[in-house]
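Participant: This structure is in C-alpha cells; I'll ask about it shortly.
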Amino acid sequence: MIEQTVIDAGNEDRVAALRADYDALGAHLDRRGISIDAIRDKVATYGVAVPSWGVGTGGTRFARFPGTGEPRGIFDKLDDCGVIQQLTRATPTVSLHIPWDKAPAADLKAKADELGLGFDAMNSNTFQDQPDQPLSYRYGSLSHTDKATRQQAIEHNLECIEIGQGIGSKALTIWIGDGSNFPGQTDLTAQFERYLDSAKAIYAQLPDDWRLFTEHKMYEPAFYSTVVQDWGTNYLIAKELGDRAHCLVDLGHHAPNTNIEMIVARLIQFGKLGGFHFNDSKYGDDDLDTGSIDPFRLFLVFNELVAAEGKPGFDPAHMLDQSHNVTDPIESLMSSANEVRRAYAQALLVDRTALAGFQQDNDAMMAAGTLKQAFRTDVEPILAMARLDNGGAIDPIATYRAAGYRAKVSAERPAVSGAGGGIV
Ligand SMILES: [Mn+2]
C-alpha cells in the first residue's frame, strides 16, 4: 500500500486549486439547476471492479513485453488492486479469473479484507488448456463435439461458482473461445445447441442469489465463426436459461461503428443487461484503456444507464477488462476507473426533461445539443472531490509516481521473461 503521508502531501499541494475549481463548477451547475454536491455524492458511491488479470502487462498474439515488478500471483495482484482502490476510491472490488487466481478461499478473503477489497464476478477459463487437464479445448469447450470435453468445461464453471461462494462473489461470467476457422468446419446450429445444453447444466447449479453473465464476442480466437458472436445470440442464451441469466457487454467485442449504446438500451428494455467489461478499441478487440479512443461513445452508453436508473431489477455489474501493453497497468486502471466515473458524472448532468421535450418535438438539433452540453462539461473537480472526501488522491497517477510503488515492488518481485505472446 501507499504511505498515507504521501497521499496527504500530494493532496495538500492541490487542495486549494481543487476547491476553487469545485466552487466555480458548482456555481455554473447551479445556474443549470444542478446541485454539484448531489452529483459528487452519486459519483462517490459508483464503483467499478478491477480485473485481476489487468494488473499484469498484457500482450498481443506476437509478443509480450513485461514491465518491472510484475505480480507473481494472485496475492501480488491483490496488493496492486489495493493500491488502485486506495488512490481512486472507485474500485472496491476485484474480478477473479480461475484457474489463474486459484487459492484457498480463506486466504483470498483474508488478503482482500486486509486491503479493504471485495470480490466481483468470477470468470471461468475454458479458452486454453491447463497443464493438468485431461481433455483439450483445441476444438472448443462448452460446445465441443465430445461430451466428456463439454462435461469437463461444465465442471470447471461449477468449480468457479464454488470458489466464488467462499469469497462472497455473486456472479459467474462465461466467455468461451469456441467457434470455427473454416466454413463447413462445424455445424453452426448443432454447435449452438451443444453450447446451450452445457450452459443450462451450469445454470441449474447456480446458487439462488447468483447471476450468470454470458459475454459475446464477434471474432477471435475463432476467426470464421464464434458461437456467442453478438448480442442477439447472447440475448437468446439469457432468454433460454432463465431470470438469473443476463448478457454482459464488453465494449471491445463489436465491429467498428456498431451502435453499442443502442444494444445497451435494448438489453435494458428487456431486462437482460447483466453488466459491462469497459475498455476501448480502435479496430477490434484492442482492449485499450477505457475512454482513450472514443469518450463520447462511453458517455452515450452511460446516458442510457442513467436514464434506466431506478427501473425494477436494473442492477448492472461494472468491470474493467483491458490489456496494457505499453503503460504501467496500475496507472492505466486508475485512469480508466476515472474515465468510467467521468462518463457517469457527465450523464448525470443531462437535462432529461428538456431532452424528452426535444425528442417529442422532433427537434434533433436541440436534443443533440442537450447531450453535448452535458458531455462538454469538465467534471474533473467533481471526480477529484469524490476521491478526496473518501480518503483517496486528488491526482492518483501523480501520487502513485511520487510514492515510488513500482520501484518498491520491483525490488521484491523478480523480473519475468517476455518470451511468447498472449494476453495475460
Ligand atoms: Mn471481456
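For the C-alpha cells, the naming scheme is as follows: chains receive sequential letters (A, B, ...) according to their order of presentation, residues are indexed from 1 within each chain, and ligands are indexed from 1 in presentation order.
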Considering only C-alpha atoms and all ligand atoms, tabulate each residue of chain A that lies at most 6 Å from ligand 1 along with its nearest interatomic pair and the corresponding distance in Å to one decimal; arrange the rows by chain and ascending residue number and present them as CSV.
Facilitator:
residue,atom,partner,partner_atom_place_in_ligand_line,distance
A:Asp250,CA,ligand 1,1 (Mn),5.0
A:His277,CA,ligand 1,1 (Mn),5.1
A:Asp321,CA,ligand 1,1 (Mn),5.3
Participant: Mind writing the picked residues with C-alpha atoms as a PDB file, in the first residue's frame?
Facilitator:
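The new file selection-v6.pdb reads:
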ATOM      1  CA  ASP A 250     -17.665  -5.952 -23.451  1.00  0.00           C
ATOM      2  CA  HIS A 277     -16.472  -5.024 -19.435  1.00  0.00           C
ATOM      3  CA  ASP A 321     -11.400  -5.505 -18.942  1.00  0.00           C
TER       4      ASP A 321
END
Participant: Which parts of region 122-230 of chain A does DSSP call alpha helix (DSSP H) when run on the backbone here, written out as a PyMOL selection string?
Facilitator: chain A and resi 147-167+188-203
Participant: Generate a file of the selected residues that holds N, CA and C atoms, formatted as a compact mmCIF listing (two decimals), in the first residue's frame.
Facilitator:
# COMPACT_ATOMS: atom_id res chain seq x y z
N LYS A 147 -18.71 -35.19 -25.72
CA LYS A 147 -19.48 -34.97 -24.49
C LYS A 147 -18.59 -34.85 -23.26
N ALA A 148 -17.55 -35.66 -23.19
CA ALA A 148 -16.68 -35.65 -22.00
C ALA A 148 -15.94 -34.31 -21.89
N THR A 149 -15.58 -33.74 -23.04
CA THR A 149 -14.89 -32.45 -23.01
C THR A 149 -15.86 -31.36 -22.56
N ARG A 150 -17.09 -31.44 -23.05
CA ARG A 150 -18.11 -30.48 -22.60
C ARG A 150 -18.31 -30.60 -21.08
N GLN A 151 -18.36 -31.84 -20.61
CA GLN A 151 -18.58 -32.07 -19.17
C GLN A 151 -17.43 -31.49 -18.34
N GLN A 152 -16.22 -31.64 -18.86
CA GLN A 152 -15.05 -31.08 -18.16
C GLN A 152 -15.20 -29.55 -18.05
N ALA A 153 -15.67 -28.92 -19.13
CA ALA A 153 -15.83 -27.45 -19.13
C ALA A 153 -16.96 -27.03 -18.18
N ILE A 154 -18.02 -27.84 -18.14
CA ILE A 154 -19.13 -27.55 -17.22
C ILE A 154 -18.61 -27.62 -15.78
N GLU A 155 -17.87 -28.68 -15.49
CA GLU A 155 -17.37 -28.86 -14.12
C GLU A 155 -16.43 -27.74 -13.70
N HIS A 156 -15.65 -27.25 -14.65
CA HIS A 156 -14.76 -26.11 -14.34
C HIS A 156 -15.59 -24.89 -13.92
N ASN A 157 -16.67 -24.64 -14.65
CA ASN A 157 -17.53 -23.49 -14.30
C ASN A 157 -18.18 -23.68 -12.93
N LEU A 158 -18.56 -24.92 -12.62
CA LEU A 158 -19.16 -25.18 -11.31
C LEU A 158 -18.12 -24.97 -10.20
N GLU A 159 -16.88 -25.31 -10.50
CA GLU A 159 -15.80 -25.08 -9.53
C GLU A 159 -15.62 -23.57 -9.29
N CYS A 160 -15.74 -22.78 -10.36
CA CYS A 160 -15.62 -21.32 -10.23
C CYS A 160 -16.71 -20.78 -9.29
N ILE A 161 -17.91 -21.34 -9.42
CA ILE A 161 -19.01 -20.91 -8.54
C ILE A 161 -18.66 -21.26 -7.09
N GLU A 162 -18.15 -22.49 -6.92
CA GLU A 162 -17.82 -22.94 -5.56
C GLU A 162 -16.75 -22.05 -4.93
N ILE A 163 -15.72 -21.72 -5.68
CA ILE A 163 -14.67 -20.82 -5.16
C ILE A 163 -15.28 -19.46 -4.86
N GLY A 164 -16.13 -18.99 -5.77
CA GLY A 164 -16.78 -17.68 -5.60
C GLY A 164 -17.64 -17.62 -4.34
N GLN A 165 -18.31 -18.72 -4.05
CA GLN A 165 -19.16 -18.74 -2.85
C GLN A 165 -18.34 -18.57 -1.58
N GLY A 166 -17.12 -19.06 -1.63
CA GLY A 166 -16.24 -18.97 -0.46
C GLY A 166 -15.70 -17.57 -0.22
N ILE A 167 -15.77 -16.70 -1.24
CA ILE A 167 -15.18 -15.36 -1.10
C ILE A 167 -16.21 -14.24 -1.25
N LEU A 188 -23.19 -25.10 -37.54
CA LEU A 188 -23.43 -23.90 -36.74
C LEU A 188 -24.59 -24.11 -35.75
N THR A 189 -25.64 -24.78 -36.20
CA THR A 189 -26.80 -24.99 -35.35
C THR A 189 -26.52 -26.00 -34.24
N ALA A 190 -25.94 -27.13 -34.62
CA ALA A 190 -25.66 -28.18 -33.62
C ALA A 190 -24.67 -27.67 -32.58
N GLN A 191 -23.71 -26.86 -33.03
CA GLN A 191 -22.70 -26.34 -32.09
C GLN A 191 -23.37 -25.44 -31.04
N PHE A 192 -24.32 -24.61 -31.47
CA PHE A 192 -25.01 -23.73 -30.53
C PHE A 192 -25.94 -24.52 -29.62
N GLU A 193 -26.53 -25.58 -30.16
CA GLU A 193 -27.36 -26.46 -29.31
C GLU A 193 -26.53 -27.07 -28.19
N ARG A 194 -25.33 -27.52 -28.56
CA ARG A 194 -24.45 -28.12 -27.53
C ARG A 194 -24.07 -27.08 -26.49
N TYR A 195 -23.80 -25.86 -26.96
CA TYR A 195 -23.46 -24.78 -26.02
C TYR A 195 -24.62 -24.54 -25.05
N LEU A 196 -25.83 -24.44 -25.60
CA LEU A 196 -27.00 -24.17 -24.75
C LEU A 196 -27.20 -25.27 -23.71
N ASP A 197 -27.02 -26.52 -24.13
CA ASP A 197 -27.16 -27.64 -23.18
C ASP A 197 -26.15 -27.51 -22.04
N SER A 198 -24.92 -27.17 -22.39
CA SER A 198 -23.87 -27.02 -21.36
C SER A 198 -24.20 -25.84 -20.45
N ALA A 199 -24.60 -24.72 -21.04
CA ALA A 199 -24.90 -23.52 -20.24
C ALA A 199 -26.07 -23.81 -19.30
N LYS A 200 -27.04 -24.59 -19.78
CA LYS A 200 -28.18 -24.95 -18.92
C LYS A 200 -27.73 -25.80 -17.73
N ALA A 201 -26.77 -26.68 -17.98
CA ALA A 201 -26.26 -27.54 -16.89
C ALA A 201 -25.57 -26.68 -15.83
N ILE A 202 -24.89 -25.62 -16.25
CA ILE A 202 -24.24 -24.71 -15.28
C ILE A 202 -25.31 -23.91 -14.55
N TYR A 203 -26.24 -23.39 -15.31
CA TYR A 203 -27.31 -22.54 -14.73
C TYR A 203 -28.11 -23.32 -13.68
Participant: Could you name the residues that touch Gly56 (chain A) at 9 Å or less, counting only C-alpha atoms, but leaving out those on the same chain fewer than 4 positions away, as a PyMOL selection string?
Facilitator: chain A and resi 52+66-67+70-71+77+323-324+328-330+424
Participant: Skip Ala265 (chain A) itself and residues of its chain fewer than 2 positions away, then list as a compact mmCIF listing (two decimals) with C-alpha atoms, in the first residue's frame all residues within 10 Å of it, counting only C-alpha atoms.
Facilitator:
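Writing done, so here's around_36.txt:
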# COMPACT_ATOMS: atom_id res chain seq x y z
CA ILE A 260 -23.26 -0.12 -28.68
CA GLU A 261 -25.44 2.30 -26.72
CA MET A 262 -28.40 1.03 -28.69
CA ILE A 263 -27.57 -2.56 -27.79
CA LEU A 267 -30.97 -5.18 -23.28
CA ILE A 268 -32.20 -2.82 -20.56
CA GLN A 269 -35.66 -2.67 -22.14
CA PHE A 270 -35.99 -6.43 -21.98
CA GLY A 271 -34.37 -6.87 -18.56
CA LEU A 273 -28.42 -6.29 -19.28
CA VAL A 301 -23.59 4.27 -23.01
CA ASN A 303 -26.57 8.18 -20.88
CA GLU A 304 -28.65 5.01 -21.34
CA LEU A 305 -27.63 3.68 -17.92
CA ALA A 307 -31.86 7.02 -17.96
CA ALA A 308 -32.62 3.50 -16.66
Participant: Give me the residues within 8 Å of Gln85 (chain A) as an NGL selection string, counting only C-alpha atoms and dropping any in the same chain fewer than 6 places off.
Facilitator: :A and (91-92 or 117)
Participant: So that I have them on file, write out the residues from the current selection with C-alpha atoms, as a PDB file, in the first residue's frame.
Facilitator:
ATOM      1  CA  THR A  91     -12.560   0.270  -7.429  1.00  0.00           C
ATOM      2  CA  PRO A  92     -13.749  -1.500  -4.270  1.00  0.00           C
ATOM      3  CA  LEU A 117     -11.396  -5.056  -1.110  1.00  0.00           C
TER       4      LEU A 117
END
Participant: Would you list the contacts of Gln229 (chain A) as JSON, numbers by chain, taking every protein, DNA or RNA residue within 7 Å and counting only C-alpha atoms, but skipping same-chain residues closer than 5 positions in sequence?
Facilitator: {"A": [216, 217, 218, 219]}
Participant: Quick one, how far is CA of Tyr22 (chain A) from CA of Ile382 (chain A)?
Facilitator: 6.7 Å
Participant: Using the chain letters and numbers from this document, which residues of region 43-120 of chain A does DSSP assign to strand (DSSP E), as a count of residues only?
Facilitator: 10
Participant: Considering only C-alpha atoms, state which residue in the set A:Arg32, A:Arg266, A:Arg413, A:His254 is at the smallest distance from Lys282 (chain A).
Facilitator: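 Selected residue with least distance to Lys282 (chain A): A:His254.
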Participant: Need to verify the contact set: Asp8 (chain A), 9 Å, only C-alpha atoms, exclusion of same-chain residues closer than 3 positions in sequence. Can you return it as a VMD selection string?
Facilitator: chain A and resid 3 to 5 11 to 13 391 to 393
Participant: Could I get the residues of region 304-416 of chain A with an atom no further than 10 Å from an atom of region 24-27 of chain A, each paired with its nearest atom pair and that distance in Å to one decimal, using only C-alpha atoms, sorted by chain and residue number, as JSON lines?
Facilitator:
{"residue": "A:Thr377", "atom": "CA", "partner": "A:Leu25", "partner_atom": "CA", "distance": 8.9}
{"residue": "A:Asp378", "atom": "CA", "partner": "A:Leu25", "partner_atom": "CA", "distance": 8.3}
{"residue": "A:Val379", "atom": "CA", "partner": "A:Leu25", "partner_atom": "CA", "distance": 8.0}
{"residue": "A:Glu380", "atom": "CA", "partner": "A:Leu25", "partner_atom": "CA", "distance": 9.6}
{"residue": "A:Pro381", "atom": "CA", "partner": "A:Leu25", "partner_atom": "CA", "distance": 7.6}
{"residue": "A:Ile382", "atom": "CA", "partner": "A:Leu25", "partner_atom": "CA", "distance": 8.5}
Participant: Could those residues be written to a file, using C-alpha atoms, as a PDB file, in the first residue's frame?
Facilitator:
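Contents of result.pdb, as written:
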ATOM      1  CA  THR A 377     -18.841  19.912 -19.017  1.00  0.00           C
ATOM      2  CA  ASP A 378     -15.467  19.360 -17.369  1.00  0.00           C
ATOM      3  CA  VAL A 379     -16.445  17.283 -14.343  1.00  0.00           C
ATOM      4  CA  GLU A 380     -12.890  16.600 -13.117  1.00  0.00           C
ATOM      5  CA  PRO A 381     -13.370  18.744  -9.966  1.00  0.00           C
ATOM      6  CA  ILE A 382     -16.340  16.518  -9.030  1.00  0.00           C
TER       7      ILE A 382
END
